Amino acid sequence: MDNPTEKISSTLKLLRVERGWSLDVASQKTGVSKAMLGQIERGESSPTIATLWKIASGFDASFSSFIEDLKPIKTDFTHHSHSFKHLHPQDDKIRVMPIFAYDESLRFEAFIIELLPGCEHLSPPHQKGVIEHIIVSSGEIEVFINGAWHVIQQNEGLRFNGDIPHGYRNISDSKAVFHDMIHYRKL
Ligand code: MN
């Protein structure tokens with residue numbers, strides 16, 4: 001399993017330089033403490049998935065850009081194969097594989113996400129315009145939207161606006177796998 005600490009650190013530094021934001025400003029925009037942002041930039045610690053989403057949303061950047069290099073899209077034929085990424089020990093029951101890294105012309109990225117039994121993952125709101133499509137490929141998950149958990153079974157899908165707090169959990173006793181396709185609509 002790859003450890004993406006270095007890519008996260010360099011992407012954060014690059015974005016902060018591009019925006020011309022001090023650590024103070026970056027902290028205000030993302031809701032992540034200055035100390036934590038500094039540690040992540042220096043590669044001293046990796047963010048949790050929830051913290052990385054706060055950073056991505058605050059910078060109006062995609063989640064996968066912190067994990068994968070952005071490549072210009074080739075629509076004729078591209079075979080994508082990636083490994084699961086391990087971001088943080090706290091996220092030991094959730095594994096994220098970016099299967100299609102973010103593409104600026106499509107404003108789209110796709111992940112395969114595995115939830116081990118007992119995993120409950122809560123996500124902060126993403127930036128406005130983000131839409132998630134979830135398709136369960138194996139097992140059964142529950143998705144938290146608008147104050148309630150919704151059961152999504154194998155081969156079922158759910159689409160929702162990602163700009164509100166939401167969550168995913170696996171209360172079964174076997175592993176669940178779903179695809180999470182994320183569109184960053186321009187508003
Ligand atoms: Mn989400």
# chains A, B, ... in the order shown; residues from 1 in each chain; ligands from 1
call {"tool": "closest_atom_pairs", "arguments": {"of": "chain A", "to": "ligand 1", "cutoff": "10 Å", "atoms": "only C-alpha atoms and all ligand atoms", "output": "JSON lines"}}
result
{"residue": "A:Ile49", "atom": "CA", "partner": "ligand 1", "partner_atom_place_in_ligand_line": "1 (Mn)", "distance": 9.8}
{"residue": "A:Ala50", "atom": "CA", "partner": "ligand 1", "partner_atom_place_in_ligand_line": "1 (Mn)", "distance": 8.9}
{"residue": "A:Trp53", "atom": "CA", "partner": "ligand 1", "partner_atom_place_in_ligand_line": "1 (Mn)", "distance": 8.0}
{"residue": "A:Phe63", "atom": "CA", "partner": "ligand 1", "partner_atom_place_in_ligand_line": "1 (Mn)", "distance": 9.6}
{"residue": "A:His121", "atom": "CA", "partner": "ligand 1", "partner_atom_place_in_ligand_line": "1 (Mn)", "distance": 9.7}
{"residue": "A:Leu122", "atom": "CA", "partner": "ligand 1", "partner_atom_place_in_ligand_line": "1 (Mn)", "distance": 8.5}
{"residue": "A:Ser123", "atom": "CA", "partner": "ligand 1", "partner_atom_place_in_ligand_line": "1 (Mn)", "distance": 5.8}
{"residue": "A:Pro124", "atom": "CA", "partner": "ligand 1", "partner_atom_place_in_ligand_line": "1 (Mn)", "distance": 7.5}
{"residue": "A:Pro125", "atom": "CA", "partner": "ligand 1", "partner_atom_place_in_ligand_line": "1 (Mn)", "distance": 7.3}
{"residue": "A:His126", "atom": "CA", "partner": "ligand 1", "partner_atom_place_in_ligand_line": "1 (Mn)", "distance": 6.7}
{"residue": "A:Val130", "atom": "CA", "partner": "ligand 1", "partner_atom_place_in_ligand_line": "1 (Mn)", "distance": 8.6}
{"residue": "A:Ile131", "atom": "CA", "partner": "ligand 1", "partner_atom_place_in_ligand_line": "1 (Mn)", "distance": 8.5}
{"residue": "A:Glu132", "atom": "CA", "partner": "ligand 1", "partner_atom_place_in_ligand_line": "1 (Mn)", "distance": 6.7}
{"residue": "A:His133", "atom": "CA", "partner": "ligand 1", "partner_atom_place_in_ligand_line": "1 (Mn)", "distance": 9.5}
{"residue": "A:Ile134", "atom": "CA", "partner": "ligand 1", "partner_atom_place_in_ligand_line": "1 (Mn)", "distance": 9.6}
{"residue": "A:Phe160", "atom": "CA", "partner": "ligand 1", "partner_atom_place_in_ligand_line": "1 (Mn)", "distance": 9.3}
{"residue": "A:Asn161", "atom": "CA", "partner": "ligand 1", "partner_atom_place_in_ligand_line": "1 (Mn)", "distance": 8.9}
{"residue": "A:Gly162", "atom": "CA", "partner": "ligand 1", "partner_atom_place_in_ligand_line": "1 (Mn)", "distance": 5.6}
{"residue": "A:Asp163", "atom": "CA", "partner": "ligand 1", "partner_atom_place_in_ligand_line": "1 (Mn)", "distance": 8.3}
{"residue": "A:Ile164", "atom": "CA", "partner": "ligand 1", "partner_atom_place_in_ligand_line": "1 (Mn)", "distance": 8.9}
{"residue": "A:Pro165", "atom": "CA", "partner": "ligand 1", "partner_atom_place_in_ligand_line": "1 (Mn)", "distance": 8.3}
{"residue": "A:His166", "atom": "CA", "partner": "ligand 1", "partner_atom_place_in_ligand_line": "1 (Mn)", "distance": 6.7}
{"residue": "A:Gly167", "atom": "CA", "partner": "ligand 1", "partner_atom_place_in_ligand_line": "1 (Mn)", "distance": 7.2}
{"residue": "A:Tyr168", "atom": "CA", "partner": "ligand 1", "partner_atom_place_in_ligand_line": "1 (Mn)", "distance": 8.7}
{"residue": "A:Asp180", "atom": "CA", "partner": "ligand 1", "partner_atom_place_in_ligand_line": "1 (Mn)", "distance": 8.2}
{"residue": "A:Met181", "atom": "CA", "partner": "ligand 1", "partner_atom_place_in_ligand_line": "1 (Mn)", "distance": 9.5}
{"residue": "A:Ile182", "atom": "CA", "partner": "ligand 1", "partner_atom_place_in_ligand_line": "1 (Mn)", "distance": 8.1}
call {"tool": "residues_around", "arguments": {"residues": "A:Thr48", "least_positions_apart": "6", "cutoff": "8 Å", "atoms": "only C-alpha atoms", "output": "PyMOL selection string"}}
result
chain A and resi 87-88+90-91
call {"tool": "select_by_dssp", "arguments": {"residues": "stretch 4-138 of chain A", "states": "strand (DSSP E or B)", "output": "PyMOL selection string"}}
result
chain A and resi 85+94-103+108-115+120-123+130-138
call {"tool": "select_by_dssp", "arguments": {"residues": "chain A", "states": "helix (DSSP H, G or I)", "output": "PyMOL selection string"}}
result
chain A and resi 5-19+23-30+34-41+49-58+64-66+89-91
call {"tool": "residues_around", "arguments": {"residues": "A:Gln28", "least_positions_apart": "5", "cutoff": "12 Å", "atoms": "only C-alpha atoms", "output": "ChimeraX atom specification"}}
result
/A:21-23,33-34,37,54-55,57-59
call {"tool": "closest_residue", "arguments": {"among": "A:Thr11, A:Phe100, A:Phe178, A:Gly20", "to": "A:Ala61", "atoms": "only C-alpha atoms"}}
result
A:Thr11
call {"tool": "atom_distance", "arguments": {"atom1": "atom CA of A:Pro98", "atom2": "atom CA of A:Pro4"}}
result
11.8 Å
call {"tool": "residues_around", "arguments": {"residues": "A:Pro89", "least_positions_apart": "4", "cutoff": "12 Å", "atoms": "only C-alpha atoms", "output": "PDB file with N, CA, C and O atoms, in the first residue's frame"}}
result
ATOM      1  N   ASN A   3       2.228   5.004   0.488  1.00  0.00           N
ATOM      2  CA  ASN A   3       2.039   6.076   1.462  1.00  0.00           C
ATOM      3  C   ASN A   3       2.176   7.419   0.746  1.00  0.00           C
ATOM      4  O   ASN A   3       3.256   7.772   0.281  1.00  0.00           O
ATOM      5  N   SER A  45       3.510  14.807   9.108  1.00  0.00           N
ATOM      6  CA  SER A  45       2.357  13.942   9.368  1.00  0.00           C
ATOM      7  C   SER A  45       1.435  13.929   8.168  1.00  0.00           C
ATOM      8  O   SER A  45       1.441  14.841   7.340  1.00  0.00           O
ATOM      9  N   SER A  46       0.667  12.859   8.069  1.00  0.00           N
ATOM     10  CA  SER A  46      -0.309  12.721   6.997  1.00  0.00           C
ATOM     11  C   SER A  46      -1.674  13.107   7.554  1.00  0.00           C
ATOM     12  O   SER A  46      -1.973  12.807   8.703  1.00  0.00           O
ATOM     13  N   PRO A  47      -2.495  13.748   6.742  1.00  0.00           N
ATOM     14  CA  PRO A  47      -3.847  14.058   7.214  1.00  0.00           C
ATOM     15  C   PRO A  47      -4.731  12.819   7.184  1.00  0.00           C
ATOM     16  O   PRO A  47      -4.452  11.880   6.444  1.00  0.00           O
ATOM     17  N   THR A  48      -5.785  12.823   7.975  1.00  0.00           N
ATOM     18  CA  THR A  48      -6.827  11.814   7.798  1.00  0.00           C
ATOM     19  C   THR A  48      -7.568  12.139   6.507  1.00  0.00           C
ATOM     20  O   THR A  48      -7.407  13.232   5.933  1.00  0.00           O
ATOM     21  N   ILE A  49      -8.391  11.224   6.059  1.00  0.00           N
ATOM     22  CA  ILE A  49      -9.191  11.459   4.846  1.00  0.00           C
ATOM     23  C   ILE A  49     -10.089  12.681   5.050  1.00  0.00           C
ATOM     24  O   ILE A  49     -10.204  13.543   4.173  1.00  0.00           O
ATOM     25  N   LYS A  85      -4.599   3.359  -1.148  1.00  0.00           N
ATOM     26  CA  LYS A  85      -3.754   4.303  -0.428  1.00  0.00           C
ATOM     27  C   LYS A  85      -4.111   4.286   1.046  1.00  0.00           C
ATOM     28  O   LYS A  85      -5.285   4.249   1.414  1.00  0.00           O
ATOM     29  N   LYS A  93      -9.825   1.359   8.737  1.00  0.00           N
ATOM     30  CA  LYS A  93     -10.886   0.484   8.238  1.00  0.00           C
ATOM     31  C   LYS A  93     -11.437   0.944   6.893  1.00  0.00           C
ATOM     32  O   LYS A  93     -12.435   0.417   6.413  1.00  0.00           O
ATOM     33  N   ILE A  94     -10.810   1.967   6.331  1.00  0.00           N
ATOM     34  CA  ILE A  94     -11.260   2.451   5.023  1.00  0.00           C
ATOM     35  C   ILE A  94     -10.046   2.549   4.115  1.00  0.00           C
ATOM     36  O   ILE A  94      -8.994   3.014   4.522  1.00  0.00           O
ATOM     37  N   ARG A  95     -10.204   2.021   2.903  1.00  0.00           N
ATOM     38  CA  ARG A  95      -9.098   2.080   1.949  1.00  0.00           C
ATOM     39  C   ARG A  95      -9.596   2.746   0.666  1.00  0.00           C
ATOM     40  O   ARG A  95     -10.679   2.447   0.170  1.00  0.00           O
TER      41      ARG A  95
END
call {"tool": "residues_around", "arguments": {"residues": "stretch 105-107 of chain A", "least_positions_apart": "6", "cutoff": "7 Å", "atoms": "only C-alpha atoms", "output": "PDB file with all heavy atoms, in the first residue's frame"}}
result
ATOM      1  N   HIS A 183     -18.024  14.543  -9.268  1.00  0.00           N
ATOM      2  CA  HIS A 183     -18.025  15.619 -10.256  1.00  0.00           C
ATOM      3  C   HIS A 183     -17.906  16.963  -9.539  1.00  0.00           C
ATOM      4  O   HIS A 183     -18.614  17.198  -8.565  1.00  0.00           O
ATOM      5  CB  HIS A 183     -19.310  15.593 -11.084  1.00  0.00           C
ATOM      6  CG  HIS A 183     -19.388  14.419 -12.004  1.00  0.00           C
ATOM      7  ND1 HIS A 183     -19.850  13.189 -11.613  1.00  0.00           N
ATOM      8  CD2 HIS A 183     -19.034  14.292 -13.307  1.00  0.00           C
ATOM      9  CE1 HIS A 183     -19.795  12.348 -12.626  1.00  0.00           C
ATOM     10  NE2 HIS A 183     -19.305  12.985 -13.670  1.00  0.00           N
ATOM     11  N   TYR A 184     -17.007  17.792 -10.026  1.00  0.00           N
ATOM     12  CA  TYR A 184     -16.828  19.134  -9.456  1.00  0.00           C
ATOM     13  C   TYR A 184     -17.465  20.117 -10.452  1.00  0.00           C
ATOM     14  O   TYR A 184     -16.806  20.652 -11.316  1.00  0.00           O
ATOM     15  CB  TYR A 184     -15.342  19.445  -9.282  1.00  0.00           C
ATOM     16  CG  TYR A 184     -14.629  18.544  -8.293  1.00  0.00           C
ATOM     17  CD1 TYR A 184     -14.248  17.240  -8.640  1.00  0.00           C
ATOM     18  CD2 TYR A 184     -14.321  18.988  -7.019  1.00  0.00           C
ATOM     19  CE1 TYR A 184     -13.594  16.410  -7.720  1.00  0.00           C
ATOM     20  CE2 TYR A 184     -13.667  18.171  -6.103  1.00  0.00           C
ATOM     21  CZ  TYR A 184     -13.307  16.888  -6.463  1.00  0.00           C
ATOM     22  OH  TYR A 184     -12.648  16.079  -5.553  1.00  0.00           O
ATOM     23  N   ARG A 185     -18.770  20.283 -10.321  1.00  0.00           N
ATOM     24  CA  ARG A 185     -19.485  21.170 -11.244  1.00  0.00           C
ATOM     25  C   ARG A 185     -19.029  22.593 -11.054  1.00  0.00           C
ATOM     26  O   ARG A 185     -18.851  23.056  -9.928  1.00  0.00           O
ATOM     27  CB  ARG A 185     -20.994  21.120 -10.989  1.00  0.00           C
ATOM     28  CG  ARG A 185     -21.675  19.935 -11.584  1.00  0.00           C
ATOM     29  CD  ARG A 185     -23.163  20.092 -11.437  1.00  0.00           C
ATOM     30  NE  ARG A 185     -23.511  20.375 -10.040  1.00  0.00           N
ATOM     31  CZ  ARG A 185     -24.708  20.735  -9.612  1.00  0.00           C
ATOM     32  NH1 ARG A 185     -25.679  20.890 -10.484  1.00  0.00           N
ATOM     33  NH2 ARG A 185     -24.927  20.960  -8.336  1.00  0.00           N
TER      34      ARG A 185
END
call {"tool": "atom_distance", "arguments": {"atom1": "atom CA of A:Met97", "atom2": "atom CA of A:Gly31"}}
result
25.2 Å
call {"tool": "closest_residue", "arguments": {"among": "A:Ala35, A:Ile40, A:Ala101, A:Val25", "to": "A:Ser9", "atoms": "only C-alpha atoms"}}
result
A:Ile40
call {"tool": "atom_distance", "arguments": {"atom1": "atom CA of A:Lys128", "atom2": "atom CA of A:Asn146"}}
result
15.9 Å
call {"tool": "closest_residue", "arguments": {"among": "A:Ile141, A:Leu14, A:Ile113, A:Ile99", "to": "A:Asn170", "atoms": "only C-alpha atoms"}}
result
A:Ile141
call {"tool": "closest_residue", "arguments": {"among": "A:Ala148, A:Leu70, A:Ala56, A:Val32", "to": "A:Leu15", "atoms": "only C-alpha atoms"}}
result
A:Ala56
call {"tool": "closest_residue", "arguments": {"among": "A:Ser137, A:Glu44, A:Ile145, A:Thr5", "to": "A:His86", "atoms": "only C-alpha atoms"}}
result
A:Thr5
call {"tool": "closest_residue", "arguments": {"among": "A:Gly147, A:Gly129, A:Gly139, A:Gly157", "to": "A:Asp60", "atoms": "only C-alpha atoms"}}
result
A:Gly129
call {"tool": "closest_atom_pairs", "arguments": {"of": "stretch 101-130 of chain A", "to": "stretch 171-175 of chain A", "cutoff": "10 Å", "atoms": "only C-alpha atoms", "output": "CSV"}}
result
residue,atom,partner,partner_atom,distance
A:Glu114,CA,A:Lys175,CA,7.0
A:Leu115,CA,A:Lys175,CA,5.9
A:Leu116,CA,A:Lys175,CA,4.7
A:Pro117,CA,A:Asp173,CA,5.1
A:Gly118,CA,A:Ile171,CA,5.3
A:Cys119,CA,A:Ile171,CA,7.3
A:Glu120,CA,A:Ile171,CA,8.2
call {"tool": "write_last_selection", "arguments": {"atoms": "N, CA, C and O atoms", "output": "mmCIF file, in the first residue's frame"}}
result
data_model
loop_
_atom_site.group_PDB
_atom_site.id
_atom_site.type_symbol
_atom_site.label_atom_id
_atom_site.label_comp_id
_atom_site.auth_asym_id
_atom_site.auth_seq_id
_atom_site.Cartn_x
_atom_site.Cartn_y
_atom_site.Cartn_z
ATOM 1 N N GLU A 114 -13.041 0.738 -0.127
ATOM 2 C CA GLU A 114 -13.341 -0.472 0.643
ATOM 3 C C GLU A 114 -13.621 -0.096 2.080
ATOM 4 O O GLU A 114 -12.849 0.641 2.694
ATOM 5 N N LEU A 115 -14.715 -0.602 2.608
ATOM 6 C CA LEU A 115 -15.023 -0.400 4.029
ATOM 7 C C LEU A 115 -14.979 -1.751 4.726
ATOM 8 O O LEU A 115 -15.727 -2.662 4.367
ATOM 9 N N LEU A 116 -14.136 -1.858 5.717
ATOM 10 C CA LEU A 116 -14.091 -3.094 6.496
ATOM 11 C C LEU A 116 -15.273 -3.099 7.474
ATOM 12 O O LEU A 116 -15.854 -2.041 7.761
ATOM 13 N N PRO A 117 -15.636 -4.267 7.962
ATOM 14 C CA PRO A 117 -16.748 -4.335 8.924
ATOM 15 C C PRO A 117 -16.515 -3.370 10.083
ATOM 16 O O PRO A 117 -15.401 -3.264 10.593
ATOM 17 N N GLY A 118 -17.557 -2.652 10.470
ATOM 18 C CA GLY A 118 -17.454 -1.731 11.601
ATOM 19 C C GLY A 118 -16.930 -0.358 11.234
ATOM 20 O O GLY A 118 -16.827 0.518 12.090
ATOM 21 N N CYS A 119 -16.611 -0.140 9.962
ATOM 22 C CA CYS A 119 -16.079 1.172 9.573
ATOM 23 C C CYS A 119 -17.201 2.201 9.495
ATOM 24 O O CYS A 119 -18.241 1.974 8.878
ATOM 25 N N GLU A 120 -16.997 3.329 10.139
ATOM 26 C CA GLU A 120 -17.912 4.459 9.962
ATOM 27 C C GLU A 120 -17.056 5.671 9.645
ATOM 28 O O GLU A 120 -16.203 6.073 10.431
#
